[in-house]
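K.L.:
One structure is given below, represented as structure tokens, and several questions about it will come after.
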Amino acid sequence: MIFDLAANLDFYRNLGIEGRYAKAVDFLKSHDLTTLENGKYEIDGRNVYANVMDYDTVPWEEASYEAHENYTDIQYIIQGCEVMTYAPVGQLTVSVPYNQDKDVVKFDNSVAGLRVAVHAGEFMIFNPWDGHKPKAAEKEPAYVKKIVVKIKEN
């Protein structure tokens, strides 16, 4: 798990395989993210793509932990603020088994985890071994616009 500011995105260009992180960073830096419509944006086929979404955050207890076997997430807040929670996958208890088609496993909320309030212009990177719980409200439910860049790790 990594938490950082948009100003530091270039630091992460050389992570991973086949220049995939560099492609993700280039996309994030070369677009006016505030103008992107909700939906999927293909960057490098199934190797790197982005999902833009907006929603109202929910109470922490209503959000759910998840993890992915094949993809890393860069979860970048465009507008608003949400609490993202991290816990190692090995500490979590599966509530919904792994769905290969969606590349996601869900976990229960029995672990408090490390909670980070992520504001506009900040992001978190979650690798396949990182359980993460996005969409939680900082205080009261509030509007968030976010982009999640998915980077295939195998």
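In the structure tokens, chains take letters A, B, ... by order of appearance, with residues numbered from 1 within each chain and ligands from 1 in the order shown.
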With a distance cut-off of 12 Å and only C-alpha atoms, select the neighbouring residues of A:Asn8, excluding the residue or stretch itself and same-chain residues fewer than 2 positions from it, and output the selection as a VMD selection string.

P.N.:
chain A and resid 2 to 6 10 to 13 25 28 to 29 121 to 124

K.L.:
Skip A:Gln75 itself and residues of its chain fewer than 2 positions away, then list as a PDB file with N, CA and C atoms, in the first residue's frame all residues within 9 Å of it, counting only C-alpha atoms.

P.N.:
```
ATOM      1  N   ASP A  73      -4.416  -1.497  -8.075  1.00  0.00           N
ATOM      2  CA  ASP A  73      -5.253  -0.305  -8.230  1.00  0.00           C
ATOM      3  C   ASP A  73      -4.447   0.933  -7.871  1.00  0.00           C
ATOM      4  N   ILE A  77      -8.208  10.346  -6.088  1.00  0.00           N
ATOM      5  CA  ILE A  77      -9.381  11.183  -5.838  1.00  0.00           C
ATOM      6  C   ILE A  77      -9.281  12.456  -6.690  1.00  0.00           C
ATOM      7  N   GLU A 122      -4.794  13.392  -4.244  1.00  0.00           N
ATOM      8  CA  GLU A 122      -4.047  12.354  -3.522  1.00  0.00           C
ATOM      9  C   GLU A 122      -4.497  10.987  -4.025  1.00  0.00           C
ATOM     10  N   PHE A 123      -3.650   9.989  -3.831  1.00  0.00           N
ATOM     11  CA  PHE A 123      -3.978   8.646  -4.306  1.00  0.00           C
ATOM     12  C   PHE A 123      -3.398   7.590  -3.389  1.00  0.00           C
ATOM     13  N   MET A 124      -3.948   6.385  -3.534  1.00  0.00           N
ATOM     14  CA  MET A 124      -3.381   5.211  -2.872  1.00  0.00           C
ATOM     15  C   MET A 124      -3.185   4.138  -3.930  1.00  0.00           C
ATOM     16  N   ILE A 125      -2.117   3.377  -3.764  1.00  0.00           N
ATOM     17  CA  ILE A 125      -1.838   2.235  -4.629  1.00  0.00           C
ATOM     18  C   ILE A 125      -2.026   0.977  -3.788  1.00  0.00           C
ATOM     19  N   PHE A 126      -2.863   0.071  -4.295  1.00  0.00           N
ATOM     20  CA  PHE A 126      -3.114  -1.201  -3.617  1.00  0.00           C
ATOM     21  C   PHE A 126      -2.692  -2.329  -4.540  1.00  0.00           C
ATOM     22  N   PRO A 134     -12.399   1.027  -0.003  1.00  0.00           N
ATOM     23  CA  PRO A 134     -12.658   2.391  -0.426  1.00  0.00           C
ATOM     24  C   PRO A 134     -14.089   2.816  -0.106  1.00  0.00           C
ATOM     25  N   LYS A 146     -13.701   9.984  -8.646  1.00  0.00           N
ATOM     26  CA  LYS A 146     -12.455   9.243  -8.505  1.00  0.00           C
ATOM     27  C   LYS A 146     -12.137   8.518  -9.797  1.00  0.00           C
ATOM     28  N   ILE A 147     -10.837   8.276 -10.010  1.00  0.00           N
ATOM     29  CA  ILE A 147     -10.390   7.419 -11.097  1.00  0.00           C
ATOM     30  C   ILE A 147      -9.585   6.280 -10.493  1.00  0.00           C
ATOM     31  N   VAL A 148      -9.884   5.069 -10.925  1.00  0.00           N
ATOM     32  CA  VAL A 148      -9.126   3.897 -10.498  1.00  0.00           C
ATOM     33  C   VAL A 148      -8.422   3.340 -11.728  1.00  0.00           C
ATOM     34  N   VAL A 149      -7.099   3.421 -11.723  1.00  0.00           N
ATOM     35  CA  VAL A 149      -6.317   2.860 -12.813  1.00  0.00           C
ATOM     36  C   VAL A 149      -5.921   1.443 -12.407  1.00  0.00           C
ATOM     37  N   LYS A 150      -6.250   0.492 -13.276  1.00  0.00           N
ATOM     38  CA  LYS A 150      -5.983  -0.925 -13.036  1.00  0.00           C
ATOM     39  C   LYS A 150      -4.741  -1.321 -13.833  1.00  0.00           C
TER      40      LYS A 150
END
```

K.L.:
Could you list, as a short mmCIF file (atom, residue, chain, number, x, y, z; two decimals) with N, CA, C and O atoms, in the first residue's frame, every residue within 10 Å of A:Ile78, counting only C-alpha atoms and ignoring same-chain residues fewer than 4 positions away?

P.N.:
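Saved as out-v1.cif:
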```
data_model
loop_
_atom_site.label_atom_id
_atom_site.label_comp_id
_atom_site.auth_asym_id
_atom_site.auth_seq_id
_atom_site.Cartn_x
_atom_site.Cartn_y
_atom_site.Cartn_z
N ASP A 32 -7.01 16.17 -18.19
CA ASP A 32 -7.69 16.98 -17.19
C ASP A 32 -8.72 16.06 -16.55
O ASP A 32 -9.81 15.86 -17.10
N LEU A 33 -8.38 15.48 -15.43
CA LEU A 33 -9.22 14.44 -14.81
C LEU A 33 -10.59 14.98 -14.42
O LEU A 33 -11.57 14.23 -14.41
N THR A 34 -10.68 16.25 -14.14
CA THR A 34 -11.97 16.82 -13.73
C THR A 34 -12.99 16.79 -14.85
O THR A 34 -14.19 16.86 -14.60
N THR A 35 -12.54 16.71 -16.11
CA THR A 35 -13.46 16.73 -17.25
C THR A 35 -13.81 15.34 -17.76
O THR A 35 -14.66 15.22 -18.65
N LEU A 36 -13.16 14.30 -17.24
CA LEU A 36 -13.44 12.95 -17.72
C LEU A 36 -14.84 12.52 -17.30
O LEU A 36 -15.24 12.70 -16.14
N VAL A 52 -13.50 5.70 -14.35
CA VAL A 52 -13.87 6.95 -13.70
C VAL A 52 -15.26 6.78 -13.13
O VAL A 52 -16.15 6.22 -13.79
N MET A 53 -15.46 7.22 -11.90
CA MET A 53 -16.74 7.04 -11.22
C MET A 53 -16.99 8.18 -10.27
O MET A 53 -16.06 8.87 -9.86
N ASP A 54 -18.25 8.37 -9.93
CA ASP A 54 -18.59 9.29 -8.85
C ASP A 54 -19.71 8.67 -8.02
O ASP A 54 -20.48 7.85 -8.52
N HIS A 119 -7.78 12.95 -0.07
CA HIS A 119 -8.42 14.14 -0.62
C HIS A 119 -8.10 14.29 -2.10
O HIS A 119 -7.22 13.61 -2.63
N ALA A 120 -8.78 15.23 -2.75
CA ALA A 120 -8.54 15.52 -4.15
C ALA A 120 -7.05 15.77 -4.38
O ALA A 120 -6.41 16.48 -3.61
N GLY A 121 -6.50 15.13 -5.43
CA GLY A 121 -5.09 15.27 -5.74
C GLY A 121 -4.20 14.31 -4.97
O GLY A 121 -2.97 14.40 -5.06
N GLU A 122 -4.79 13.39 -4.24
CA GLU A 122 -4.05 12.35 -3.52
C GLU A 122 -4.50 10.99 -4.03
O GLU A 122 -5.58 10.85 -4.59
N PHE A 123 -3.65 9.99 -3.83
CA PHE A 123 -3.98 8.65 -4.31
C PHE A 123 -3.40 7.59 -3.39
O PHE A 123 -2.49 7.86 -2.60
N VAL A 144 -17.91 12.17 -4.09
CA VAL A 144 -16.53 11.91 -4.51
C VAL A 144 -16.53 11.59 -6.00
O VAL A 144 -17.40 10.87 -6.49
N LYS A 145 -15.55 12.15 -6.69
CA LYS A 145 -15.25 11.72 -8.06
C LYS A 145 -13.85 11.14 -8.01
O LYS A 145 -12.93 11.74 -7.42
N LYS A 146 -13.70 9.98 -8.65
CA LYS A 146 -12.45 9.24 -8.51
C LYS A 146 -12.14 8.52 -9.80
O LYS A 146 -13.03 8.17 -10.56
N ILE A 147 -10.84 8.28 -10.01
CA ILE A 147 -10.39 7.42 -11.10
C ILE A 147 -9.58 6.28 -10.49
O ILE A 147 -8.76 6.51 -9.60
#
```

K.L.:
Just list the residues in stretch 2-127 of chain A DSSP gives helix (DSSP H, G or I) on the backbone, as a PyMOL selection string.

P.N.:
chain A and resi 6-12+20-30+33-35+60-62+89-91

K.L.:
Please identify every residue of stretch 105-147 of chain A that has at least one atom no farther than 9 Å from an atom of stretch 56-65 of chain A, counting only C-alpha atoms, and for each give the shortest atom pair and the distance in Å to one decimal, arranged by chain then increasing number, as CSV.

P.N.:
```
residue,atom,partner,partner_atom,distance
A:Val105,CA,A:Tyr65,CA,8.5
A:Lys106,CA,A:Tyr65,CA,5.8
A:Phe107,CA,A:Tyr65,CA,5.1
A:Asp108,CA,A:Tyr65,CA,6.6
A:Asn109,CA,A:Ser64,CA,6.6
A:Gly131,CA,A:Tyr65,CA,6.1
A:His132,CA,A:Tyr65,CA,5.1
A:Lys133,CA,A:Tyr65,CA,4.2
A:Pro134,CA,A:Ala63,CA,6.8
A:Lys135,CA,A:Thr57,CA,5.0
A:Ala136,CA,A:Trp60,CA,4.8
A:Ala137,CA,A:Thr57,CA,4.8
A:Glu138,CA,A:Thr57,CA,8.2
A:Lys139,CA,A:Pro59,CA,8.1
A:Glu140,CA,A:Pro59,CA,7.5
A:Pro141,CA,A:Thr57,CA,4.8
A:Ala142,CA,A:Asp56,CA,5.1
A:Tyr143,CA,A:Asp56,CA,4.4
A:Val144,CA,A:Asp56,CA,6.0
A:Lys145,CA,A:Asp56,CA,8.8
```

K.L.:
Name the residues of stretch 11-89 of chain A that fall into strand (DSSP E) according to DSSP on the backbone, using the chain letters and numbers of this document, as a ChimeraX atom specification.

P.N.:
/A:39-44,48-56,65-67,71-79,81-88

K.L.:
Mind giving me the straight-line distance from atom CA of A:Cys81 to atom CA of A:Glu66 in Å, one decimal?

P.N.:
19.4 Å

K.L.:
Please, what distance in Å, to one decimal, runs between atom CA of A:Ala112 and atom CA of A:Ala50?

P.N.:
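So the answer is 28.3 Å.
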
K.L.:
I need the residue nearest A:Val89 from this list: A:Asn127, A:Ser30, A:Asn14, A:Asn154. Use only C-alpha atoms for the distance.

P.N.:
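Nearest to A:Val89: A:Asn127.
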
K.L.:
Which of these residues is nearest to A:Val104, using only C-alpha atoms: A:Gly90, A:Val118, A:Pro128, A:Glu82?

P.N.:
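Result for the nearest residue to A:Val104: A:Pro128.
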
K.L.:
Any idea what's packed within 10 Å of A:Gln100, counting only C-alpha atoms, ignoring anything in its chain fewer than 3 positions away? Could you give it as a ChimeraX atom specification?

P.N.:
/A:68-70,97,103-105

K.L.:
Write the residues you've just listed into a file as a JSON list (two decimals), in the first residue's frame, and include N, CA, C and O atoms for each of them.

P.N.:
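Output file result.json follows:
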```json
[["chain", "number", "residue", "atom", "x", "y", "z"],
["A", 68, "HIS", "N", -7.60, -7.94, -5.17],
["A", 68, "HIS", "CA", -7.56, -8.45, -6.54],
["A", 68, "HIS", "C", -6.34, -9.34, -6.70],
["A", 68, "HIS", "O", -5.28, -9.02, -6.16],
["A", 69, "GLU", "N", -6.45, -10.43, -7.42],
["A", 69, "GLU", "CA", -5.31, -11.32, -7.63],
["A", 69, "GLU", "C", -4.41, -10.87, -8.76],
["A", 69, "GLU", "O", -3.22, -11.14, -8.74],
["A", 70, "ASN", "N", -4.98, -10.22, -9.78],
["A", 70, "ASN", "CA", -4.23, -9.94, -10.99],
["A", 70, "ASN", "C", -3.92, -8.47, -11.24],
["A", 70, "ASN", "O", -3.11, -8.16, -12.10],
["A", 97, "PRO", "N", -16.25, -15.36, -1.88],
["A", 97, "PRO", "CA", -15.07, -15.96, -2.51],
["A", 97, "PRO", "C", -14.64, -15.23, -3.78],
["A", 97, "PRO", "O", -15.42, -14.49, -4.40],
["A", 103, "ASP", "N", -12.16, -10.44, -10.99],
["A", 103, "ASP", "CA", -10.88, -10.34, -10.29],
["A", 103, "ASP", "C", -11.06, -9.64, -8.94],
["A", 103, "ASP", "O", -10.39, -8.66, -8.62],
["A", 104, "VAL", "N", -11.98, -10.18, -8.13],
["A", 104, "VAL", "CA", -12.20, -9.57, -6.82],
["A", 104, "VAL", "C", -12.61, -10.63, -5.80],
["A", 104, "VAL", "O", -13.34, -11.57, -6.13],
["A", 105, "VAL", "N", -12.10, -10.47, -4.60],
["A", 105, "VAL", "CA", -12.55, -11.23, -3.44],
["A", 105, "VAL", "C", -12.97, -10.20, -2.41],
["A", 105, "VAL", "O", -12.37, -9.13, -2.30]]
```

K.L.:
Between atom CA of A:Met1 and atom CA of A:Ser110, what is the distance in Å, rounded to a tenth?

P.N.:
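Atom CA of A:Ser110 lies 19.4 Å from atom CA of A:Met1.
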
K.L.:
When you count only C-alpha atoms, which of these residues is closest to A:Gly16: A:Tyr41, A:Tyr55, A:Tyr71, A:Tyr86?

P.N.:
A:Tyr71
